[in-house]
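Pasted below: model38.tsv, TSV, C-alpha atoms and all ligand atoms.
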chain	number	residue	atom	x	y	z
J	1	MET	CA	0.00	0.00	0.00
J	2	GLU	CA	1.40	3.43	-1.02
J	3	MET	CA	1.42	5.81	1.91
J	4	ASN	CA	2.32	9.33	0.80
J	5	LYS	CA	-0.36	11.61	2.16
J	6	VAL	CA	-1.85	11.71	5.63
J	7	MET	CA	-4.49	13.77	7.41
J	8	VAL	CA	-4.11	14.15	11.18
J	9	ILE	CA	-7.36	15.14	12.88
J	10	GLY	CA	-6.85	17.17	16.05
J	11	ALA	CA	-4.01	19.68	16.44
J	12	GLY	CA	-3.54	19.29	20.19
J	13	GLN	CA	-0.57	17.78	22.01
J	14	MET	CA	-0.92	14.34	20.39
J	15	GLY	CA	-2.14	15.42	16.95
J	16	SER	CA	0.60	18.00	16.45
J	17	GLY	CA	3.23	15.47	17.58
J	18	ILE	CA	1.89	12.87	15.14
J	19	ALA	CA	1.83	15.43	12.32
J	20	GLN	CA	5.44	16.35	13.12
J	21	VAL	CA	6.79	12.77	13.00
J	22	MET	CA	4.84	12.06	9.80
J	23	ALA	CA	6.35	15.12	8.08
J	24	GLN	CA	9.79	14.18	9.41
J	25	ALA	CA	9.37	10.76	7.77
J	26	GLY	CA	8.71	12.43	4.39
J	27	LEU	CA	4.91	12.22	4.19
J	28	GLU	CA	2.74	15.10	3.00
J	29	VAL	CA	0.64	16.07	6.02
J	30	LEU	CA	-2.68	17.85	6.36
J	31	LEU	CA	-3.25	18.93	9.96
J	32	HIS	CA	-6.94	19.34	10.66
J	33	ASP	CA	-8.91	20.86	13.51
J	34	VAL	CA	-12.29	22.52	13.83
J	35	LYS	CA	-10.96	26.09	14.24
J	36	GLU	CA	-8.21	28.04	12.54
J	37	ASP	CA	-6.80	29.04	15.96
J	38	PHE	CA	-6.41	25.39	16.91
J	39	VAL	CA	-4.47	24.39	13.77
J	40	GLN	CA	-2.25	27.46	14.11
J	41	SER	CA	-1.50	26.59	17.73
J	42	GLY	CA	-0.57	23.05	16.59
J	43	MET	CA	1.76	24.47	13.94
J	44	THR	CA	3.37	26.74	16.54
J	45	LYS	CA	4.13	23.70	18.72
J	46	ILE	CA	5.72	21.88	15.76
J	47	THR	CA	7.75	24.93	14.71
J	48	LYS	CA	9.05	25.38	18.28
J	49	ASN	CA	10.00	21.69	18.55
J	50	LEU	CA	11.91	21.81	15.28
J	51	SER	CA	13.64	25.12	16.17
J	52	ARG	CA	14.79	23.56	19.46
J	53	GLN	CA	16.31	20.67	17.51
J	54	VAL	CA	18.03	23.13	15.14
J	55	GLU	CA	19.40	25.15	18.10
J	56	LYS	CA	20.79	21.96	19.61
J	57	GLN	CA	22.36	21.20	16.20
J	58	LYS	CA	20.44	17.93	16.05
J	59	LEU	CA	18.58	19.02	12.92
J	60	ASP	CA	19.83	20.82	9.83
J	61	PRO	CA	17.98	24.15	9.29
J	62	LYS	CA	17.29	23.19	5.65
J	63	GLU	CA	15.80	19.88	6.77
J	64	SER	CA	13.63	21.75	9.26
J	65	GLU	CA	12.33	23.96	6.42
J	66	ALA	CA	11.69	20.89	4.27
J	67	ILE	CA	9.69	19.28	7.10
J	68	LEU	CA	7.60	22.42	7.54
J	69	SER	CA	6.98	22.63	3.79
J	70	ARG	CA	5.37	19.18	3.93
J	71	LEU	CA	2.80	20.40	6.48
J	72	ARG	CA	-0.45	22.11	5.52
J	73	THR	CA	-3.42	22.98	7.70
J	74	THR	CA	-7.14	22.72	7.06
J	75	ILE	CA	-10.43	23.13	8.90
J	76	ASP	CA	-12.31	21.26	6.16
J	77	LEU	CA	-12.74	17.55	6.87
J	78	GLY	CA	-13.66	17.18	3.19
J	79	ASP	CA	-9.92	17.44	2.38
J	80	ALA	CA	-9.62	13.88	3.71
J	81	ASN	CA	-10.55	12.78	0.17
J	82	GLU	CA	-6.92	13.52	-0.86
J	83	VAL	CA	-5.11	11.22	1.56
J	84	ASP	CA	-3.97	7.60	1.91
J	85	ILE	CA	-4.40	7.44	5.67
J	86	VAL	CA	-6.27	9.48	8.26
J	87	ILE	CA	-5.13	9.46	11.88
J	88	GLU	CA	-7.76	10.77	14.25
J	89	ALA	CA	-6.42	12.34	17.44
J	90	ALA	CA	-9.48	14.29	18.55
J	91	VAL	CA	-10.72	14.36	22.15
J	92	GLU	CA	-11.36	11.07	23.95
J	93	ASN	CA	-15.11	11.00	23.51
J	94	MET	CA	-16.85	8.08	21.83
J	95	GLU	CA	-19.68	10.12	20.30
J	96	ILE	CA	-17.25	12.63	18.75
J	97	LYS	CA	-15.07	9.83	17.36
J	98	LYS	CA	-18.07	7.93	15.96
J	99	ASN	CA	-19.29	11.07	14.26
J	100	ILE	CA	-15.86	11.73	12.69
J	101	PHE	CA	-15.53	8.15	11.42
J	102	ALA	CA	-19.05	8.11	9.96
J	103	ARG	CA	-18.20	11.30	8.04
J	104	LEU	CA	-14.78	10.00	6.96
J	105	ASP	CA	-16.45	6.86	5.63
J	106	ASP	CA	-18.31	9.01	3.10
J	107	ILE	CA	-15.50	11.46	2.34
J	108	THR	CA	-12.43	9.25	1.86
J	109	GLN	CA	-11.31	7.15	-1.09
J	110	GLU	CA	-11.80	3.34	-1.07
J	111	HIS	CA	-8.16	2.59	-0.26
J	112	THR	CA	-7.81	5.14	2.58
J	113	ILE	CA	-6.93	3.67	5.98
J	114	LEU	CA	-8.85	5.14	8.92
J	115	ALA	CA	-6.73	5.03	12.08
J	116	THR	CA	-7.55	6.30	15.55
J	117	ASN	CA	-5.06	7.36	18.20
J	118	THR	CA	-7.59	6.57	20.93
J	119	SER	CA	-5.91	5.73	24.22
J	120	SER	CA	-8.51	3.19	25.35
J	121	LEU	CA	-11.79	3.24	23.42
J	122	PRO	CA	-12.86	0.11	21.48
J	123	ILE	CA	-11.64	0.17	17.85
J	124	THR	CA	-14.33	-2.34	16.89
J	125	GLU	CA	-17.12	-0.02	18.05
J	126	ILE	CA	-15.63	2.96	16.18
J	127	ALA	CA	-15.21	0.78	13.06
J	128	ALA	CA	-18.86	-0.25	13.23
J	129	GLU	CA	-19.79	3.33	12.29
J	130	THR	CA	-18.27	2.73	8.85
J	131	LYS	CA	-19.29	0.57	5.89
J	132	LYS	CA	-15.73	-0.79	5.65
J	133	PRO	CA	-14.64	-1.77	9.17
J	134	GLU	CA	-11.75	-3.75	7.65
J	135	ARG	CA	-9.90	-0.49	6.95
J	136	VAL	CA	-10.24	0.84	10.54
J	137	ILE	CA	-7.38	0.34	13.01
J	138	GLY	CA	-5.88	1.74	16.23
J	139	MET	CA	-2.55	3.55	16.03
J	140	HIS	CA	-1.78	4.63	19.58
J	141	PHE	CA	1.18	6.98	20.03
J	142	MET	CA	2.68	7.98	23.38
J	143	ASN	CA	3.20	11.50	24.67
J	144	PRO	CA	5.53	13.29	23.81
J	145	VAL	CA	5.14	11.76	20.36
J	146	PRO	CA	8.46	12.97	18.84
J	147	VAL	CA	10.37	11.29	21.70
J	148	MET	CA	8.55	8.09	22.66
J	149	LYS	CA	9.40	4.99	20.62
J	150	LEU	CA	6.22	2.97	21.10
J	151	VAL	CA	3.20	2.72	18.81
J	152	GLU	CA	0.50	0.27	19.89
J	153	VAL	CA	-1.07	-1.07	16.69
J	154	ILE	CA	-4.53	-2.33	17.57
J	155	ARG	CA	-6.58	-4.66	15.41
J	156	GLY	CA	-10.32	-4.18	15.55
J	157	LEU	CA	-12.39	-7.34	15.11
J	158	ALA	CA	-12.68	-6.76	11.35
J	159	THR	CA	-9.33	-5.05	10.58
J	160	SER	CA	-7.77	-6.63	7.47
J	161	GLN	CA	-4.25	-8.07	7.49
J	162	GLU	CA	-3.31	-5.71	4.65
J	163	VAL	CA	-4.32	-2.65	6.69
J	164	PHE	CA	-2.59	-4.00	9.80
J	165	GLN	CA	0.66	-4.60	7.88
J	166	ALA	CA	0.55	-1.16	6.25
J	167	VAL	CA	0.19	0.59	9.62
J	168	PHE	CA	2.86	-1.62	11.20
J	169	ASP	CA	5.27	-0.73	8.37
J	170	LEU	CA	4.35	2.96	8.53
J	171	SER	CA	5.16	3.00	12.27
J	172	LYS	CA	8.65	1.66	11.48
J	173	LYS	CA	9.08	4.30	8.80
J	174	LEU	CA	8.37	6.90	11.49
J	175	ASN	CA	11.33	5.47	13.42
J	176	LYS	CA	8.99	4.02	16.03
J	177	ILE	CA	8.66	0.48	17.35
J	178	PRO	CA	5.18	-0.93	16.71
J	179	VAL	CA	3.69	-3.52	19.05
J	180	GLU	CA	0.69	-5.58	17.98
J	181	VAL	CA	-2.21	-5.56	20.41
J	182	ASN	CA	-5.79	-6.83	20.31
J	183	ASP	CA	-8.86	-4.73	20.98
J	184	PHE	CA	-9.64	-4.80	24.70
J	185	PRO	CA	-10.25	-1.80	26.99
J	186	GLY	CA	-7.08	0.23	27.56
J	187	PHE	CA	-5.17	-2.11	25.17
J	188	VAL	CA	-1.88	-2.79	27.00
J	189	ALA	CA	-0.28	0.61	27.71
J	190	ASN	CA	-3.14	2.19	29.61
J	191	ARG	CA	-4.45	-1.03	31.15
J	192	VAL	CA	-1.12	-1.32	32.95
J	193	LEU	CA	-0.22	2.36	33.38
J	194	MET	CA	-3.51	3.87	34.55
J	195	PRO	CA	-4.22	1.53	37.50
J	196	MET	CA	-0.69	2.37	38.72
J	197	ILE	CA	-1.40	6.10	38.47
J	198	ASN	CA	-4.81	5.58	40.13
J	199	GLU	CA	-3.16	3.66	42.97
J	200	ALA	CA	-0.59	6.44	43.38
J	201	ILE	CA	-3.50	8.88	43.76
J	202	TYR	CA	-5.07	6.58	46.37
J	203	THR	CA	-1.88	6.73	48.43
J	204	VAL	CA	-2.22	10.53	48.57
J	205	TYR	CA	-6.02	10.31	49.16
J	206	GLU	CA	-5.51	7.90	52.07
J	207	GLY	CA	-2.78	10.08	53.59
J	208	VAL	CA	-0.01	7.53	53.11
J	209	THR	CA	2.25	10.32	51.87
J	210	SER	CA	2.48	13.47	49.71
J	211	PRO	CA	2.60	13.63	45.87
J	212	GLU	CA	6.29	14.58	46.00
J	213	GLU	CA	7.14	11.51	48.11
J	214	VAL	CA	5.11	9.14	45.89
J	215	ASP	CA	6.95	10.45	42.85
J	216	GLN	CA	10.33	10.14	44.57
J	217	VAL	CA	9.61	6.50	45.47
J	218	MET	CA	8.79	5.55	41.89
J	219	LYS	CA	11.61	7.59	40.34
J	220	LEU	CA	14.36	6.45	42.68
J	221	GLY	CA	13.02	2.99	43.44
J	222	MET	CA	11.80	1.91	40.00
J	223	ASN	CA	13.80	4.17	37.69
J	224	HIS	CA	10.68	5.75	36.20
J	225	PRO	CA	11.67	8.95	34.34
J	226	MET	CA	8.71	10.78	35.90
J	227	GLY	CA	6.83	9.90	39.07
J	228	PRO	CA	3.22	8.73	38.51
J	229	LEU	CA	1.66	11.99	39.72
J	230	THR	CA	3.94	14.17	37.59
J	231	LEU	CA	3.04	11.86	34.71
J	232	ALA	CA	-0.69	12.12	35.50
J	233	ASP	CA	-0.42	15.93	35.36
J	234	PHE	CA	1.50	15.60	32.09
J	235	ILE	CA	-1.13	13.32	30.49
J	236	GLY	CA	-4.06	15.37	31.88
J	237	LEU	CA	-6.19	14.31	34.86
J	238	ASP	CA	-9.37	14.39	32.76
J	239	THR	CA	-7.79	11.88	30.36
J	240	CYS	CA	-6.66	9.70	33.28
J	241	LEU	CA	-10.19	9.72	34.72
J	242	TYR	CA	-11.76	8.95	31.34
J	243	ILE	CA	-9.44	5.98	30.81
J	244	MET	CA	-10.16	4.59	34.32
J	245	GLU	CA	-13.89	4.89	33.60
J	246	THR	CA	-13.41	3.11	30.27
J	247	LEU	CA	-11.56	0.28	32.03
J	248	GLN	CA	-14.18	0.03	34.78
J	249	GLU	CA	-17.06	-0.02	32.31
J	250	GLY	CA	-15.29	-2.26	29.78
J	251	PHE	CA	-14.31	-4.96	32.29
J	252	GLY	CA	-17.15	-4.40	34.77
J	253	ASP	CA	-14.61	-4.78	37.54
J	254	ASP	CA	-14.42	-2.57	40.62
J	255	LYS	CA	-10.65	-2.87	40.72
J	256	TYR	CA	-10.61	-0.08	38.11
J	257	ARG	CA	-12.68	2.31	40.28
J	258	PRO	CA	-11.29	5.84	39.82
J	259	CYS	CA	-9.95	7.35	43.05
J	260	PRO	CA	-12.41	9.96	44.47
J	261	LEU	CA	-9.53	12.44	44.71
J	262	LEU	CA	-9.00	12.14	40.94
J	263	ARG	CA	-12.70	12.90	40.37
J	264	LYS	CA	-12.53	15.85	42.75
J	265	TYR	CA	-9.54	17.41	40.97
J	266	VAL	CA	-11.21	17.01	37.58
J	267	LYS	CA	-14.43	18.60	38.90
J	268	ALA	CA	-12.33	21.50	40.23
J	269	GLY	CA	-10.80	22.01	36.79
J	270	TRP	CA	-7.37	20.97	38.13
J	271	LEU	CA	-6.45	19.00	35.04
J	272	GLY	CA	-2.67	19.09	35.35
J	273	ARG	CA	-0.10	21.02	33.34
J	274	LYS	CA	-2.55	22.23	30.72
J	275	THR	CA	-4.60	24.19	33.29
J	276	GLY	CA	-1.63	25.22	35.44
J	277	ARG	CA	-2.68	23.04	38.37
J	278	GLY	CA	-3.03	19.34	39.13
J	279	PHE	CA	-1.07	17.49	41.78
J	280	TYR	CA	1.49	20.26	41.29
J	281	VAL	CA	1.23	23.96	40.43
J	282	TYR	CA	2.72	25.17	37.12
J	283	ASN	CA	3.53	28.74	36.17
O	301	LIG	N1	7.91	17.44	22.79
O	301	LIG	C1	8.98	17.15	22.03
O	301	LIG	N2	10.19	16.81	22.54
O	301	LIG	C2	10.31	16.80	23.88
O	301	LIG	C3	9.23	17.11	24.74
O	301	LIG	C4	7.99	17.44	24.14
O	301	LIG	N3	6.90	17.72	24.87
O	301	LIG	N4	9.66	17.01	26.02
O	301	LIG	C5	10.95	16.65	25.97
O	301	LIG	N5	11.34	16.52	24.68
O	301	LIG	C6	12.65	16.11	24.19
O	301	LIG	C7	13.72	17.11	24.57
O	301	LIG	O1	13.80	18.14	23.58
O	301	LIG	C8	14.96	16.25	24.60
O	301	LIG	O2	15.38	16.02	23.24
O	301	LIG	P1	16.92	15.76	22.87
O	301	LIG	O3	17.32	14.48	23.55
O	301	LIG	O4	16.90	15.64	21.37
O	301	LIG	O5	17.68	16.93	23.38
O	301	LIG	C9	14.45	14.90	25.13
O	301	LIG	O6	13.04	14.90	24.89
O	301	LIG	C10	14.70	14.74	26.61
O	301	LIG	O7	14.11	15.85	27.26
O	301	LIG	P2	14.65	16.52	28.60
O	301	LIG	O8	16.14	16.28	28.69
O	301	LIG	O9	14.17	17.91	28.66
O	301	LIG	O10	13.89	15.80	29.76
O	301	LIG	P3	13.87	14.29	30.21
O	301	LIG	O11	15.14	13.58	29.93
O	301	LIG	O12	13.33	14.33	31.57
O	301	LIG	O13	12.76	13.62	29.25
O	301	LIG	C11	10.56	12.94	28.89
O	301	LIG	C12	11.48	14.11	29.15
O	301	LIG	C13	10.94	12.24	27.60
O	301	LIG	C14	9.14	13.49	28.78
O	301	LIG	C15	10.69	11.92	30.10
O	301	LIG	O14	10.45	12.58	31.31
O	301	LIG	C16	9.76	10.75	29.99
O	301	LIG	O15	10.01	9.79	29.28
O	301	LIG	N6	8.64	10.81	30.74
O	301	LIG	C17	7.62	9.77	30.72
O	301	LIG	C18	6.74	9.95	29.51
O	301	LIG	C19	5.70	8.89	29.42
O	301	LIG	O16	5.57	7.98	30.21
O	301	LIG	N7	4.89	9.02	28.37
O	301	LIG	C20	3.75	8.14	28.17
O	301	LIG	C21	2.54	8.81	28.71
O	301	LIG	S1	1.16	7.78	28.56
O	301	LIG	C22	0.59	8.06	27.04
O	301	LIG	O17	1.00	8.91	26.31
O	301	LIG	C23	-0.51	7.16	26.64
O	301	LIG	C24	-1.86	7.63	26.85
O	301	LIG	O18	-2.72	7.24	26.10
O	301	LIG	C25	-2.25	8.48	28.00
Transcribe the structure of this file into structure tokens.
Amino acid sequence: MEMNKVMVIGAGQMGSGIAQVMAQAGLEVLLHDVKEDFVQSGMTKITKNLSRQVEKQKLDPKESEAILSRLRTTIDLGDANEVDIVIEAAVENMEIKKNIFARLDDITQEHTILATNTSSLPITEIAAETKKPERVIGMHFMNPVPVMKLVEVIRGLATSQEVFQAVFDLSKKLNKIPVEVNDFPGFVANRVLMPMINEAIYTVYEGVTSPEEVDQVMKLGMNHPMGPLTLADFIGLDTCLYIMETLQEGFGDDKYRPCPLLRKYVKAGWLGRKTGRGFYVYN
């Protein structure tokens, strides 16, 4: 399968990172979001990331320009009719994703692969919104996308082998390491990571110790690059809560019950780095 043109839907933290690595790998990229401001903010993030690499002399300035020249922005989903693969990185909300995939099903060409960067929602259910579920697949990147090596490649129930292989090969072309995973709530990454983060929040909730101490234990004791509460703030506490709820609902098991303190912070609007406050305060 030829893979030359890609549309990335969602110009936030994940979408802009995905667009950047795609352009770095030589693909023509269309970065889409619903508002002009949003796509411009995504482009600013990419430009800053590349400039930092140039300053550190890890990237040639000409190469940086070439990468940027492969990126275009759009607020028209209809432009998805030009591309070989769409990667959806919109908000983690099933109704929004279903709506996007139903529209993409009508807009895109027959051969176009429809991938979602969902962190935990069922690929099979998203695929069921389309007339060709065999071309729908999960392509789950980790944050920060330009740095993290992993891509979870998730087969929906109907995903074809051809589509799976194309996405697996594309991940390698992006200089990532793909890992094949089947479609169960949270896949592997978040099924393992989120209960750990949730448990770390419980230790603070139950007064075992402070966020700083929890993070120190996991950094110094387990060699984690970030403690779980720093990481939770980095991912976004709303996303952490949503994933725990998806696990709890998907498995029907109380062991995935979100910590009440996590709920409280989300209700307060303390969502982590992006709002300036979570378990820590950011200026
Ligand atoms: N975007 C792009 N590049 C970034 C970046 C960002 N947001 N943050 C850091 N970097 C780059 C730096 O520029 C630097 O690059 P060079 O080596 O080329 O100079 C490199 O990463 C290392 O950065 P720093 O030296 O500043 O900091 P560090 O060594 O502490 O690394 C980190 C930062 C890579 C984020 C590290 O702390 C880490 O690995 N943290 C854990 C991240 C993690 O677990 N991610 C998964 C989250 S879960 C997820 O994404 C799944 C989900 O569905 C929720």
Residues of chain J within 10 Å of ligand LIG 301 (chain O): nearest atom pair and distance (Å, one decimal) for each, counting only C-alpha atoms and all ligand atoms, sorted by chain and number, as CSV?
residue,atom,partner,partner_atom,distance
J:Gln13,CA,O:LIG301,N3,8.0
J:Met14,CA,O:LIG301,O17,8.3
J:Ser16,CA,O:LIG301,N1,9.7
J:Gly17,CA,O:LIG301,N1,7.3
J:Gln20,CA,O:LIG301,C1,9.6
J:Lys45,CA,O:LIG301,N1,8.4
J:Ile46,CA,O:LIG301,C1,8.5
J:Lys48,CA,O:LIG301,C1,9.0
J:Asn49,CA,O:LIG301,C1,5.8
J:Leu50,CA,O:LIG301,C1,8.7
J:Arg52,CA,O:LIG301,O1,6.9
J:Gln53,CA,O:LIG301,O4,6.4
J:Val54,CA,O:LIG301,O4,9.8
J:Glu55,CA,O:LIG301,O5,9.9
J:Lys56,CA,O:LIG301,O5,7.0
J:Gln57,CA,O:LIG301,O4,9.4
J:Lys58,CA,O:LIG301,O4,6.8
J:Leu59,CA,O:LIG301,O4,9.3
J:Glu92,CA,O:LIG301,O18,9.7
J:Asn117,CA,O:LIG301,O18,8.2
J:Thr118,CA,O:LIG301,O18,7.1
J:Ser119,CA,O:LIG301,O18,4.0
J:Ser120,CA,O:LIG301,O18,7.1
J:His140,CA,O:LIG301,O18,7.1
J:Phe141,CA,O:LIG301,O17,6.6
J:Met142,CA,O:LIG301,O17,3.5
J:Asn143,CA,O:LIG301,O17,3.8
J:Pro144,CA,O:LIG301,N3,4.8
J:Val145,CA,O:LIG301,N1,6.8
J:Pro146,CA,O:LIG301,C1,5.3
J:Val147,CA,O:LIG301,O6,5.5
J:Met148,CA,O:LIG301,N7,6.8
J:Lys149,CA,O:LIG301,N7,9.8
J:Leu150,CA,O:LIG301,C20,9.1
J:Val151,CA,O:LIG301,C23,9.7
J:Glu152,CA,O:LIG301,C23,9.7
J:Gly186,CA,O:LIG301,O18,8.4
J:Phe187,CA,O:LIG301,O18,9.7
J:Ala189,CA,O:LIG301,C23,6.6
J:Asn190,CA,O:LIG301,O18,6.2
J:Arg191,CA,O:LIG301,O18,9.8
J:Leu193,CA,O:LIG301,S1,7.4
J:Met194,CA,O:LIG301,C25,8.1
J:His224,CA,O:LIG301,C17,7.5
J:Pro225,CA,O:LIG301,O14,4.9
J:Met226,CA,O:LIG301,N6,5.2
J:Gly227,CA,O:LIG301,C17,8.4
J:Pro228,CA,O:LIG301,O16,8.7
J:Thr230,CA,O:LIG301,C17,8.9
J:Leu231,CA,O:LIG301,C17,6.4
J:Ala232,CA,O:LIG301,C21,8.2
J:Phe234,CA,O:LIG301,C21,7.7
J:Ile235,CA,O:LIG301,C25,5.6
J:Gly236,CA,O:LIG301,C25,8.1
J:Leu237,CA,O:LIG301,C25,9.8
J:Thr239,CA,O:LIG301,C25,6.9
J:Cys240,CA,O:LIG301,C25,7.0
J:Ile243,CA,O:LIG301,C25,8.1
Would you mind reading off the distance between atom CA of J:Asn4 and atom CA of J:Asp76, one decimal, in Å? 19.6 Å
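Of the listed residues J:Ala102, J:Ile126, J:Val163, J:Leu247, the one whose atoms come nearest to J:Met1 is J:Val163, with distances taken using all atoms listed in the file.
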Nearby residues, (-0.9, 3.7, 14.3) file frame, 10 Å, all atoms listed in the file, as a ChimeraX atom specification: /J:18,86-88,114-118,137-141,150-154,164,166-171,178-179
Given the choices J:Met94, J:Ala89, J:Glu2, J:Tyr202, which gets closest to J:Val214 if the distance is worked out from only C-alpha atoms?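 Going through J:Met94, J:Ala89, J:Glu2, J:Tyr202 one by one, the smallest distance to J:Val214 is for J:Tyr202.
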Could you tell me how far atom CA of J:Asp84 lies from atom CA of J:Glu162, in Å and to one decimal? 13.6 Å
Enclose all atoms of stretch 142-150 of chain J listed in the file in an axis-aligned box, grow every side by 8 Å, and hand back centre and edge lengths in Å to one decimal, as lines of an AutoDock Vina configuration file.
center_x = 6.5
center_y = 8.1
center_z = 21.8
size_x = 23.7
size_y = 26.3
size_z = 21.8
Between J:Gly272, J:Tyr280, J:Val181, J:Ile201, which residue has the minimum interatomic distance to J:Pro258, considering only C-alpha atoms?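 Checking each of J:Gly272, J:Tyr280, J:Val181, J:Ile201 against J:Pro258, counting only C-alpha atoms, the winner is J:Ile201.
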From the set J:Ile177, J:Leu229, J:Met43, J:Ile100, which residue has the shortest atom-to-atom contact distance to J:Ala200, counting only C-alpha atoms?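 Among the listed residues, the smallest separation from J:Ala200 belongs to J:Leu229.
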What lies within 8 Å of stretch 63-71 of chain J using only C-alpha atoms, ignoring chain neighbours under 4 positions off, as JSON, numbers by chain? {"J": [19, 20, 23, 24, 26, 27, 28, 29, 30, 31, 47, 50, 51, 54, 59]}
From the options J:Leu174, J:Thr73, J:Gly207, J:Asn283, which residue's atoms come nearest to J:Ala25, counting all atoms listed in the file? J:Leu174
Nearest to J:Met22 by atom-to-atom distance, counting all atoms listed in the file, from J:Lys173, J:Lys62, J:Arg103, J:Lys131: J:Lys173
Contacts of J:Thr74 at 12 Å or less, counting only C-alpha atoms, minus same-chain residues fewer than 6 places along, as a list in words?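 These residues fall inside the cut-off: Met7, Val8, Ile9, Gly10, Ala11, Val29, Leu30, Leu31, His32, Asp33, Val34, Lys35, Glu36, Asp37, Phe38, Val39, Gln40, Gly42, Met43 and Ala80 of chain J.
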Would you compute the distance between atom CA of J:Ser160 and atom CA of J:Val91? Give it in Å to one decimal.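 Between these atoms lies a distance of 25.8 Å.
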Could you pull stretch 167-172 of chain J out of the block above and save it with all heavy atoms, as a short mmCIF file (atom, residue, chain, number, x, y, z; two decimals), in the first residue's frame?
data_model
loop_
_atom_site.label_atom_id
_atom_site.label_comp_id
_atom_site.auth_asym_id
_atom_site.auth_seq_id
_atom_site.Cartn_x
_atom_site.Cartn_y
_atom_site.Cartn_z
N VAL J 167 0.02 -0.31 8.47
CA VAL J 167 0.19 0.59 9.62
C VAL J 167 1.42 0.18 10.44
O VAL J 167 2.17 1.03 10.94
CB VAL J 167 -1.10 0.61 10.48
CG1 VAL J 167 -0.89 1.29 11.82
CG2 VAL J 167 -2.21 1.32 9.70
N PHE J 168 1.66 -1.11 10.51
CA PHE J 168 2.86 -1.62 11.20
C PHE J 168 4.11 -1.10 10.50
O PHE J 168 5.03 -0.58 11.13
CB PHE J 168 2.81 -3.15 11.16
CG PHE J 168 3.56 -3.83 12.28
CD1 PHE J 168 2.99 -3.92 13.55
CD2 PHE J 168 4.81 -4.36 12.07
CE1 PHE J 168 3.68 -4.54 14.59
CE2 PHE J 168 5.51 -4.97 13.09
CZ PHE J 168 4.93 -5.08 14.35
N ASP J 169 4.11 -1.20 9.16
CA ASP J 169 5.27 -0.73 8.37
C ASP J 169 5.42 0.78 8.45
O ASP J 169 6.53 1.30 8.54
CB ASP J 169 5.12 -1.16 6.90
CG ASP J 169 5.21 -2.67 6.74
OD1 ASP J 169 5.65 -3.34 7.70
OD2 ASP J 169 4.80 -3.19 5.68
N LEU J 170 4.29 1.50 8.43
CA LEU J 170 4.35 2.96 8.53
C LEU J 170 4.98 3.37 9.87
O LEU J 170 5.80 4.29 9.93
CB LEU J 170 2.95 3.57 8.39
CG LEU J 170 2.84 5.08 8.62
CD1 LEU J 170 3.66 5.86 7.59
CD2 LEU J 170 1.38 5.54 8.59
N SER J 171 4.60 2.68 10.94
CA SER J 171 5.16 3.00 12.27
C SER J 171 6.68 2.88 12.26
O SER J 171 7.38 3.71 12.82
CB SER J 171 4.58 2.07 13.34
OG SER J 171 3.18 2.11 13.32
N LYS J 172 7.18 1.84 11.57
CA LYS J 172 8.65 1.66 11.48
C LYS J 172 9.27 2.79 10.68
O LYS J 172 10.34 3.28 11.01
CB LYS J 172 8.98 0.32 10.83
CG LYS J 172 8.70 -0.86 11.72
CD LYS J 172 9.18 -2.12 11.04
CE LYS J 172 8.69 -3.37 11.71
NZ LYS J 172 8.75 -4.54 10.82
#
